[in-house]
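Trainee: start-v6.pdb is reproduced in full below (PDB, C-alpha atoms).
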```pdb
ATOM      1  CA  MET A   1      -4.299  13.673  62.868  1.00  0.00           C
ATOM      2  CA  VAL A   2      -4.517  14.706  59.195  1.00  0.00           C
ATOM      3  CA  THR A   3      -3.863  12.071  56.567  1.00  0.00           C
ATOM      4  CA  THR A   4      -2.900  12.758  52.994  1.00  0.00           C
ATOM      5  CA  THR A   5      -4.091  10.634  50.085  1.00  0.00           C
ATOM      6  CA  ALA A   6      -2.491  10.400  46.650  1.00  0.00           C
ATOM      7  CA  SER A   7      -5.241  12.636  45.266  1.00  0.00           C
ATOM      8  CA  ASP A   8      -4.253  15.306  47.825  1.00  0.00           C
ATOM      9  CA  THR A   9      -0.694  15.450  46.518  1.00  0.00           C
ATOM     10  CA  SER A  10      -1.197  15.126  42.787  1.00  0.00           C
ATOM     11  CA  VAL A  11      -3.093  16.531  39.827  1.00  0.00           C
ATOM     12  CA  ASP A  12      -4.670  14.388  37.108  1.00  0.00           C
ATOM     13  CA  LEU A  13      -4.798  16.294  33.809  1.00  0.00           C
ATOM     14  CA  GLY A  14      -7.739  14.121  32.784  1.00  0.00           C
ATOM     15  CA  SER A  15      -9.933  15.482  35.569  1.00  0.00           C
ATOM     16  CA  PRO A  16     -11.348  18.967  36.175  1.00  0.00           C
ATOM     17  CA  LEU A  17      -9.081  21.428  37.969  1.00  0.00           C
ATOM     18  CA  THR A  18     -10.136  22.752  41.352  1.00  0.00           C
ATOM     19  CA  VAL A  19      -9.053  25.668  43.488  1.00  0.00           C
ATOM     20  CA  ALA A  20      -7.273  23.134  45.688  1.00  0.00           C
ATOM     21  CA  HIS A  21      -5.168  22.040  42.695  1.00  0.00           C
ATOM     22  CA  LEU A  22      -4.183  25.637  41.975  1.00  0.00           C
ATOM     23  CA  LEU A  23      -3.199  26.204  45.590  1.00  0.00           C
ATOM     24  CA  ARG A  24      -1.296  22.916  45.642  1.00  0.00           C
ATOM     25  CA  ALA A  25       0.709  23.968  42.555  1.00  0.00           C
ATOM     26  CA  SER A  26       2.702  26.481  44.630  1.00  0.00           C
ATOM     27  CA  ALA A  27       4.879  23.592  45.817  1.00  0.00           C
ATOM     28  CA  PRO A  28       6.147  20.529  43.985  1.00  0.00           C
ATOM     29  CA  VAL A  29       3.242  18.304  42.992  1.00  0.00           C
ATOM     30  CA  PHE A  30       2.981  15.221  40.825  1.00  0.00           C
ATOM     31  CA  VAL A  31       1.027  15.938  37.630  1.00  0.00           C
ATOM     32  CA  HIS A  32      -0.362  12.815  35.926  1.00  0.00           C
ATOM     33  CA  VAL A  33      -0.455  12.561  32.147  1.00  0.00           C
ATOM     34  CA  GLU A  34      -2.710   9.534  31.855  1.00  0.00           C
ATOM     35  CA  PRO A  35      -2.946   7.548  28.590  1.00  0.00           C
ATOM     36  CA  VAL A  36      -6.328   9.099  27.777  1.00  0.00           C
ATOM     37  CA  VAL A  37      -4.716  12.552  27.989  1.00  0.00           C
ATOM     38  CA  ALA A  38      -1.737  11.474  25.887  1.00  0.00           C
ATOM     39  CA  ASP A  39      -4.134  10.082  23.256  1.00  0.00           C
ATOM     40  CA  ARG A  40      -6.119  13.346  23.152  1.00  0.00           C
ATOM     41  CA  VAL A  41      -2.955  15.373  22.736  1.00  0.00           C
ATOM     42  CA  ALA A  42      -1.657  13.043  19.995  1.00  0.00           C
ATOM     43  CA  ARG A  43      -4.962  13.271  18.079  1.00  0.00           C
ATOM     44  CA  GLY A  44      -4.897  17.082  18.296  1.00  0.00           C
ATOM     45  CA  ARG A  45      -1.311  17.156  17.095  1.00  0.00           C
ATOM     46  CA  GLU A  46      -2.106  14.849  14.177  1.00  0.00           C
ATOM     47  CA  TYR A  47      -5.040  17.039  13.175  1.00  0.00           C
ATOM     48  CA  LEU A  48      -2.807  20.117  13.197  1.00  0.00           C
ATOM     49  CA  ARG A  49      -0.236  18.285  11.066  1.00  0.00           C
ATOM     50  CA  THR A  50      -3.002  17.459   8.550  1.00  0.00           C
ATOM     51  CA  VAL A  51      -4.116  21.087   8.397  1.00  0.00           C
ATOM     52  CA  LEU A  52      -0.563  22.383   8.023  1.00  0.00           C
ATOM     53  CA  ALA A  53       0.149  19.910   5.211  1.00  0.00           C
ATOM     54  CA  ASP A  54      -2.364  21.699   2.975  1.00  0.00           C
ATOM     55  CA  ASP A  55      -0.112  24.162   1.140  1.00  0.00           C
ATOM     56  CA  GLU A  56      -3.087  26.196  -0.059  1.00  0.00           C
ATOM     57  CA  ARG A  57      -4.625  26.738   3.366  1.00  0.00           C
ATOM     58  CA  PRO A  58      -3.390  29.708   5.424  1.00  0.00           C
ATOM     59  CA  VAL A  59      -3.228  28.953   9.145  1.00  0.00           C
ATOM     60  CA  TYR A  60      -3.186  32.031  11.348  1.00  0.00           C
ATOM     61  CA  GLY A  61       0.073  32.295  13.258  1.00  0.00           C
ATOM     62  CA  ALA A  62       1.488  29.030  11.939  1.00  0.00           C
ATOM     63  CA  LYS A  63       1.709  29.941   8.256  1.00  0.00           C
ATOM     64  CA  THR A  64       0.942  33.667   8.500  1.00  0.00           C
ATOM     65  CA  GLY A  65       2.013  36.612  10.565  1.00  0.00           C
ATOM     66  CA  PHE A  66       0.014  37.778  13.589  1.00  0.00           C
ATOM     67  CA  GLY A  67      -2.381  40.689  13.986  1.00  0.00           C
ATOM     68  CA  ALA A  68      -1.799  43.353  11.360  1.00  0.00           C
ATOM     69  CA  LEU A  69       0.803  41.064   9.740  1.00  0.00           C
ATOM     70  CA  VAL A  70      -1.758  38.328   8.990  1.00  0.00           C
ATOM     71  CA  GLY A  71      -1.508  39.088   5.265  1.00  0.00           C
ATOM     72  CA  PHE A  72       2.171  38.153   5.219  1.00  0.00           C
ATOM     73  CA  ALA A  73       3.630  34.659   5.106  1.00  0.00           C
ATOM     74  CA  GLY A  74       5.141  33.246   8.261  1.00  0.00           C
ATOM     75  CA  ARG A  75       8.660  31.863   8.489  1.00  0.00           C
ATOM     76  CA  ALA A  76       9.656  28.962   6.253  1.00  0.00           C
ATOM     77  CA  SER A  77      10.379  26.549   9.110  1.00  0.00           C
ATOM     78  CA  GLU A  78       7.973  25.870  11.954  1.00  0.00           C
ATOM     79  CA  ALA A  79      10.784  26.118  14.517  1.00  0.00           C
ATOM     80  CA  ASP A  80      11.804  29.524  13.145  1.00  0.00           C
ATOM     81  CA  GLN A  81       8.148  30.660  13.218  1.00  0.00           C
ATOM     82  CA  CYS A  82       8.011  29.621  16.879  1.00  0.00           C
ATOM     83  CA  ASP A  83      11.231  31.471  17.739  1.00  0.00           C
ATOM     84  CA  ASN A  84      10.020  34.566  15.921  1.00  0.00           C
ATOM     85  CA  THR A  85       6.664  34.533  17.716  1.00  0.00           C
ATOM     86  CA  LEU A  86       8.219  34.167  21.152  1.00  0.00           C
ATOM     87  CA  ALA A  87      10.757  36.906  20.435  1.00  0.00           C
ATOM     88  CA  HIS A  88       7.936  39.186  19.243  1.00  0.00           C
ATOM     89  CA  LEU A  89       6.083  38.640  22.517  1.00  0.00           C
ATOM     90  CA  GLY A  90       9.061  39.407  24.768  1.00  0.00           C
ATOM     91  CA  ALA A  91       7.669  42.823  25.766  1.00  0.00           C
ATOM     92  CA  GLY A  92       6.802  42.263  29.416  1.00  0.00           C
ATOM     93  CA  GLN A  93       7.562  44.872  32.076  1.00  0.00           C
ATOM     94  CA  GLY A  94       7.602  45.300  35.811  1.00  0.00           C
ATOM     95  CA  PRO A  95       8.340  42.970  38.678  1.00  0.00           C
ATOM     96  CA  ASP A  96       7.900  39.230  38.236  1.00  0.00           C
ATOM     97  CA  LEU A  97       4.605  37.642  39.154  1.00  0.00           C
ATOM     98  CA  PRO A  98       4.531  35.992  42.578  1.00  0.00           C
ATOM     99  CA  LEU A  99       5.817  32.441  42.177  1.00  0.00           C
ATOM    100  CA  ASP A 100       2.621  30.784  43.407  1.00  0.00           C
ATOM    101  CA  ILE A 101       0.567  32.780  40.883  1.00  0.00           C
ATOM    102  CA  ALA A 102       2.939  31.872  38.045  1.00  0.00           C
ATOM    103  CA  ARG A 103       2.764  28.157  38.896  1.00  0.00           C
ATOM    104  CA  ALA A 104      -1.029  28.212  39.259  1.00  0.00           C
ATOM    105  CA  ALA A 105      -1.366  29.965  35.887  1.00  0.00           C
ATOM    106  CA  LEU A 106       0.918  27.403  34.265  1.00  0.00           C
ATOM    107  CA  LEU A 107      -1.098  24.563  35.777  1.00  0.00           C
ATOM    108  CA  VAL A 108      -4.220  26.021  34.154  1.00  0.00           C
ATOM    109  CA  ARG A 109      -2.359  26.300  30.835  1.00  0.00           C
ATOM    110  CA  THR A 110      -1.020  22.730  31.148  1.00  0.00           C
ATOM    111  CA  TRP A 111      -4.525  21.433  31.844  1.00  0.00           C
ATOM    112  CA  SER A 112      -5.836  23.417  28.865  1.00  0.00           C
ATOM    113  CA  LEU A 113      -3.157  21.992  26.550  1.00  0.00           C
ATOM    114  CA  ALA A 114      -3.958  18.497  27.851  1.00  0.00           C
ATOM    115  CA  GLN A 115      -7.461  18.804  26.383  1.00  0.00           C
ATOM    116  CA  GLY A 116      -5.906  18.082  22.983  1.00  0.00           C
ATOM    117  CA  LEU A 117      -7.455  21.029  21.157  1.00  0.00           C
ATOM    118  CA  SER A 118      -4.340  23.140  20.550  1.00  0.00           C
ATOM    119  CA  GLY A 119      -2.165  20.843  18.425  1.00  0.00           C
ATOM    120  CA  VAL A 120       0.644  21.007  20.969  1.00  0.00           C
ATOM    121  CA  SER A 121       3.283  18.266  20.982  1.00  0.00           C
ATOM    122  CA  ALA A 122       3.020  15.622  23.682  1.00  0.00           C
ATOM    123  CA  HIS A 123       6.547  16.418  24.887  1.00  0.00           C
ATOM    124  CA  VAL A 124       5.395  19.940  25.794  1.00  0.00           C
ATOM    125  CA  VAL A 125       2.646  18.608  28.085  1.00  0.00           C
ATOM    126  CA  ASP A 126       5.094  16.068  29.532  1.00  0.00           C
ATOM    127  CA  GLY A 127       7.719  18.790  30.081  1.00  0.00           C
ATOM    128  CA  LEU A 128       5.231  21.035  31.855  1.00  0.00           C
ATOM    129  CA  ALA A 129       4.058  18.123  34.002  1.00  0.00           C
ATOM    130  CA  ALA A 130       7.680  17.366  34.944  1.00  0.00           C
ATOM    131  CA  MET A 131       8.250  21.003  35.924  1.00  0.00           C
ATOM    132  CA  PHE A 132       5.539  20.748  38.583  1.00  0.00           C
ATOM    133  CA  GLY A 133       7.506  18.021  40.353  1.00  0.00           C
ATOM    134  CA  THR A 134      10.250  20.573  41.070  1.00  0.00           C
ATOM    135  CA  THR A 135      10.519  24.087  42.483  1.00  0.00           C
ATOM    136  CA  PHE A 136      11.258  25.535  39.016  1.00  0.00           C
ATOM    137  CA  VAL A 137       9.178  28.633  38.191  1.00  0.00           C
ATOM    138  CA  PRO A 138       9.578  30.750  35.040  1.00  0.00           C
ATOM    139  CA  ALA A 139      10.217  34.441  35.709  1.00  0.00           C
ATOM    140  CA  ILE A 140       7.143  36.140  34.244  1.00  0.00           C
ATOM    141  CA  PRO A 141       6.848  39.948  34.190  1.00  0.00           C
ATOM    142  CA  ARG A 142       3.651  41.293  35.722  1.00  0.00           C
ATOM    143  CA  TYR A 143       2.806  43.776  32.934  1.00  0.00           C
ATOM    144  CA  GLY A 144       2.753  43.739  29.160  1.00  0.00           C
ATOM    145  CA  SER A 145      -0.423  42.176  27.836  1.00  0.00           C
ATOM    146  CA  VAL A 146      -3.063  44.148  26.035  1.00  0.00           C
ATOM    147  CA  GLY A 147      -5.868  43.096  23.763  1.00  0.00           C
ATOM    148  CA  ALA A 148      -8.128  40.086  23.549  1.00  0.00           C
ATOM    149  CA  SER A 149      -5.396  37.515  24.218  1.00  0.00           C
ATOM    150  CA  GLY A 150      -4.009  38.933  27.433  1.00  0.00           C
ATOM    151  CA  ASP A 151      -2.061  35.801  28.250  1.00  0.00           C
ATOM    152  CA  LEU A 152       0.322  35.778  25.277  1.00  0.00           C
ATOM    153  CA  ILE A 153       3.169  37.880  26.685  1.00  0.00           C
ATOM    154  CA  PRO A 154       3.291  36.139  30.089  1.00  0.00           C
ATOM    155  CA  LEU A 155       3.089  32.717  28.435  1.00  0.00           C
ATOM    156  CA  ALA A 156       5.888  33.661  26.036  1.00  0.00           C
ATOM    157  CA  TYR A 157       8.143  34.341  29.021  1.00  0.00           C
ATOM    158  CA  ALA A 158       7.147  30.998  30.545  1.00  0.00           C
ATOM    159  CA  ALA A 159       7.863  29.185  27.271  1.00  0.00           C
ATOM    160  CA  GLN A 160      11.237  30.874  26.915  1.00  0.00           C
ATOM    161  CA  ALA A 161      12.257  29.942  30.463  1.00  0.00           C
ATOM    162  CA  LEU A 162      11.209  26.335  29.857  1.00  0.00           C
ATOM    163  CA  ARG A 163      13.435  26.447  26.761  1.00  0.00           C
ATOM    164  CA  GLY A 164      16.363  27.614  28.898  1.00  0.00           C
ATOM    165  CA  ARG A 165      16.154  31.252  27.840  1.00  0.00           C
ATOM    166  CA  GLY A 166      15.596  34.261  30.058  1.00  0.00           C
ATOM    167  CA  HIS A 167      15.242  33.708  33.791  1.00  0.00           C
ATOM    168  CA  ALA A 168      13.536  31.380  36.207  1.00  0.00           C
ATOM    169  CA  TYR A 169      13.372  30.669  39.897  1.00  0.00           C
ATOM    170  CA  LEU A 170      14.580  27.536  41.615  1.00  0.00           C
ATOM    171  CA  ASP A 171      13.951  27.199  45.324  1.00  0.00           C
ATOM    172  CA  GLY A 172      12.877  30.860  45.255  1.00  0.00           C
ATOM    173  CA  VAL A 173      16.191  32.113  43.814  1.00  0.00           C
ATOM    174  CA  ARG A 174      16.156  33.943  40.450  1.00  0.00           C
ATOM    175  CA  LEU A 175      18.685  32.412  38.048  1.00  0.00           C
ATOM    176  CA  PRO A 176      19.384  32.207  34.335  1.00  0.00           C
ATOM    177  CA  ALA A 177      16.736  29.773  33.087  1.00  0.00           C
ATOM    178  CA  ALA A 178      19.230  27.280  31.632  1.00  0.00           C
ATOM    179  CA  GLU A 179      20.971  27.038  35.011  1.00  0.00           C
ATOM    180  CA  ALA A 180      17.660  26.627  36.871  1.00  0.00           C
ATOM    181  CA  LEU A 181      16.527  23.888  34.465  1.00  0.00           C
ATOM    182  CA  ALA A 182      19.790  21.970  34.822  1.00  0.00           C
ATOM    183  CA  SER A 183      19.785  22.276  38.617  1.00  0.00           C
ATOM    184  CA  ALA A 184      16.162  21.057  38.722  1.00  0.00           C
ATOM    185  CA  GLY A 185      17.032  18.077  36.537  1.00  0.00           C
ATOM    186  CA  LEU A 186      14.712  19.245  33.747  1.00  0.00           C
ATOM    187  CA  GLU A 187      15.362  19.179  30.015  1.00  0.00           C
ATOM    188  CA  ALA A 188      14.878  22.339  28.000  1.00  0.00           C
ATOM    189  CA  LEU A 189      11.748  22.142  25.854  1.00  0.00           C
ATOM    190  CA  ARG A 190      12.147  21.967  22.089  1.00  0.00           C
ATOM    191  CA  LEU A 191       9.357  23.768  20.305  1.00  0.00           C
ATOM    192  CA  ASP A 192       8.386  23.389  16.664  1.00  0.00           C
TER     193      ASP A 192
END
```
As structure tokens, how would this structure be written, given the file I've shared?
Mentor:
Amino acid sequence: MVTTTASDTSVDLGSPLTVAHLLRASAPVFVHVEPVVADRVARGREYLRTVLADDERPVYGAKTGFGALVGFAGRASEADQCDNTLAHLGAGQGPDLPLDIARAALLVRTWSLAQGLSGVSAHVVDGLAAMFGTTFVPAIPRYGSVGASGDLIPLAYAAQALRGRGHAYLDGVRLPAAEALASAGLEALRLD
């Protein structure tokens, strides 16, 4: 007889990830956002807010363009800058990644964001954690990334699906992302 413990059916974002966690992410799994993780994320967010408040300090991608456009100012509102960035990265091609690969990759990204070093909002980590409790999977094209940051285009598709844009899978069926989110009982993420 095989018994299952709570640690076999959940992932704690405050602990190191293992291969077993990545394999487990292919199905619904409870992802813990412990208070220590929430505190780290809040401190990182506050630091970013402090940096962005300095009107004289350019911040790559937040207050400037990207790549060759770094010398140009970004959008006036942070939400508009976010929308513009995600739209710019919507250049993926080919068939969607296998669903288990997409969920494993998003678990790695969620764990990375939970380290508190990116300035991400706590509701983004919470929203990603909630997604893992369902069968929701963003539709992420297999091809499209080039350069040093090869994850940007796939992650843009994931972010858009979590916002209710583009497509996603629910119970293995490809649907408009807004419909998949609603059917899964998830709220669309608001990004700023």
Trainee: With only C-alpha atoms as the basis for distance, which of A:Leu170, A:Leu128, A:Val120, A:Ala20 is at the shortest distance from Glu46 of chain A?
Mentor: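 Closest to Glu46 of chain A of all the choices is A:Val120.
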Trainee: Excluding segment 66-79 of chain A and any residue of its chain fewer than 4 positions from it, enumerate the residues within 8 Å of it, using all atoms listed in the file, and give them as a PyMOL selection string.
Mentor: chain A and resi 60-62+83+191-192
Trainee: Just checking: using all atoms listed in the file, which residue out of A:Ala42, A:Leu97, A:Ala102, A:Leu52 ends up closest to Ser26 of chain A?
Mentor: A:Ala102
Trainee: Where does segment 57-119 of chain A meet segment 135-140 of chain A within 10 Å, residue by residue, with the nearest atom pair and distance in Å to one decimal for each, counting only C-alpha atoms, listed by chain and rising number, as a tab-separated table?
Mentor:
```
residue	atom	partner	partner_atom	distance
A:Gly92	CA	A:Ile140	CA	7.8
A:Gln93	CA	A:Ile140	CA	9.0
A:Gly94	CA	A:Ile140	CA	9.3
A:Pro95	CA	A:Ile140	CA	8.2
A:Asp96	CA	A:Ile140	CA	5.1
A:Leu97	CA	A:Ile140	CA	5.7
A:Pro98	CA	A:Ile140	CA	8.7
A:Leu99	CA	A:Val137	CA	6.5
A:Asp100	CA	A:Val137	CA	8.7
A:Ile101	CA	A:Val137	CA	9.9
A:Ala102	CA	A:Val137	CA	7.0
A:Arg103	CA	A:Val137	CA	6.5
A:Leu106	CA	A:Val137	CA	9.2
```
Trainee: Do you have the atom CA of Trp111 of chain A-atom CA of Ala91 of chain A distance handy?
Mentor: 25.4 Å
Trainee: What's the separation between atom CA of Leu17 of chain A and atom CA of Leu107 of chain A, in Å to one decimal place?
Mentor: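 Atom-to-atom, atom CA of Leu17 of chain A and atom CA of Leu107 of chain A are spaced 8.9 Å apart.
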Trainee: Hey, can you check how far atom CA of Asp54 of chain A sits from atom CA of Gln81 of chain A?
Mentor: 17.2 Å
Trainee: Set out as JSON lines a contact list for segment 90-165 of chain A and segment 33-36 of chain A with a cut-off of 9 Å, giving each residue of segment 90-165 of chain A that qualifies its closest atom pair and distance in Å to one decimal, counting all atoms listed in the file, ordered by chain and rising residue number.
Mentor:
```
{"residue": "A:Ala114", "atom": "CA", "partner": "A:Val33", "partner_atom": "CA", "distance": 8.1}
{"residue": "A:Val125", "atom": "CA", "partner": "A:Val33", "partner_atom": "CA", "distance": 7.9}
{"residue": "A:Asp126", "atom": "CA", "partner": "A:Val33", "partner_atom": "CA", "distance": 7.1}
{"residue": "A:Ala129", "atom": "CA", "partner": "A:Val33", "partner_atom": "CA", "distance": 7.4}
```
Trainee: Expand the PyMOL selection byres ((chain A and resi 177) around 8) into the explicit residue set it covers here, and present it as JSON, numbers by chain.
Mentor: {"A": [138, 161, 162, 163, 164, 165, 166, 167, 168, 169, 175, 176, 178, 179, 180, 181]}
Trainee: From the set A:Val41, A:Val59, A:Leu23, A:Pro28, which residue has the shortest atom-to-atom contact distance to Asp171 of chain A, counting only C-alpha atoms?
Mentor: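 Using only C-alpha atoms, Asp171 of chain A sits closest to A:Pro28.
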Trainee: I'd like the neighbourhood of segment 85-87 of chain A as a ChimeraX atom specification, where a residue qualifies if any of its atoms comes within 9 Å (using only C-alpha atoms), though same-chain residues fewer than 6 positions away should be ignored.
Mentor: /A:61,65-66,153,156-157,159-160
Trainee: Would you list the contacts of Val29 of chain A as a list in words, taking every protein, DNA or RNA residue within 10 Å and counting all atoms listed in the file, but skipping same-chain residues closer than 2 positions in sequence?
Mentor: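 Residues meeting the cut-off are Asp8, Thr9, Ser10, Val11, His21, Arg24, Ala25, Ser26, Ala27, Val31, His32, Ala129, Ala130, Met131, Phe132, Gly133, Thr134 and Thr135 of chain A.
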Trainee: Pull C-alpha atoms from the residues just selected and write them as a PDB file, in the coordinates of the input.
Mentor:
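Generated output (selection22.pdb):
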```pdb
ATOM      1  CA  ASP A   8      -4.253  15.306  47.825  1.00  0.00           C
ATOM      2  CA  THR A   9      -0.694  15.450  46.518  1.00  0.00           C
ATOM      3  CA  SER A  10      -1.197  15.126  42.787  1.00  0.00           C
ATOM      4  CA  VAL A  11      -3.093  16.531  39.827  1.00  0.00           C
ATOM      5  CA  HIS A  21      -5.168  22.040  42.695  1.00  0.00           C
ATOM      6  CA  ARG A  24      -1.296  22.916  45.642  1.00  0.00           C
ATOM      7  CA  ALA A  25       0.709  23.968  42.555  1.00  0.00           C
ATOM      8  CA  SER A  26       2.702  26.481  44.630  1.00  0.00           C
ATOM      9  CA  ALA A  27       4.879  23.592  45.817  1.00  0.00           C
ATOM     10  CA  VAL A  31       1.027  15.938  37.630  1.00  0.00           C
ATOM     11  CA  HIS A  32      -0.362  12.815  35.926  1.00  0.00           C
ATOM     12  CA  ALA A 129       4.058  18.123  34.002  1.00  0.00           C
ATOM     13  CA  ALA A 130       7.680  17.366  34.944  1.00  0.00           C
ATOM     14  CA  MET A 131       8.250  21.003  35.924  1.00  0.00           C
ATOM     15  CA  PHE A 132       5.539  20.748  38.583  1.00  0.00           C
ATOM     16  CA  GLY A 133       7.506  18.021  40.353  1.00  0.00           C
ATOM     17  CA  THR A 134      10.250  20.573  41.070  1.00  0.00           C
ATOM     18  CA  THR A 135      10.519  24.087  42.483  1.00  0.00           C
TER      19      THR A 135
END
```
Trainee: From the options A:Arg57, A:Arg142, A:Arg45, A:Arg190, which residue's atoms come nearest to Leu117 of chain A, counting all atoms listed in the file?
Mentor: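 Among the listed residues, the smallest separation from Leu117 of chain A belongs to A:Arg45.
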Trainee: If you count only C-alpha atoms, which residues fall within 9 Å of Leu48 of chain A, apart from same-chain ones fewer than 4 positions away, as a ChimeraX atom specification?
Mentor: /A:43-44,52-53,118-120
Trainee: Counting only C-alpha atoms, figure out which residue out of A:Thr50, A:Thr18, A:Asn84, A:Thr110 gets nearest to Val37 of chain A.
Mentor: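 Looking only at the distances to Val37 of chain A, the closest residue turns out to be A:Thr110.
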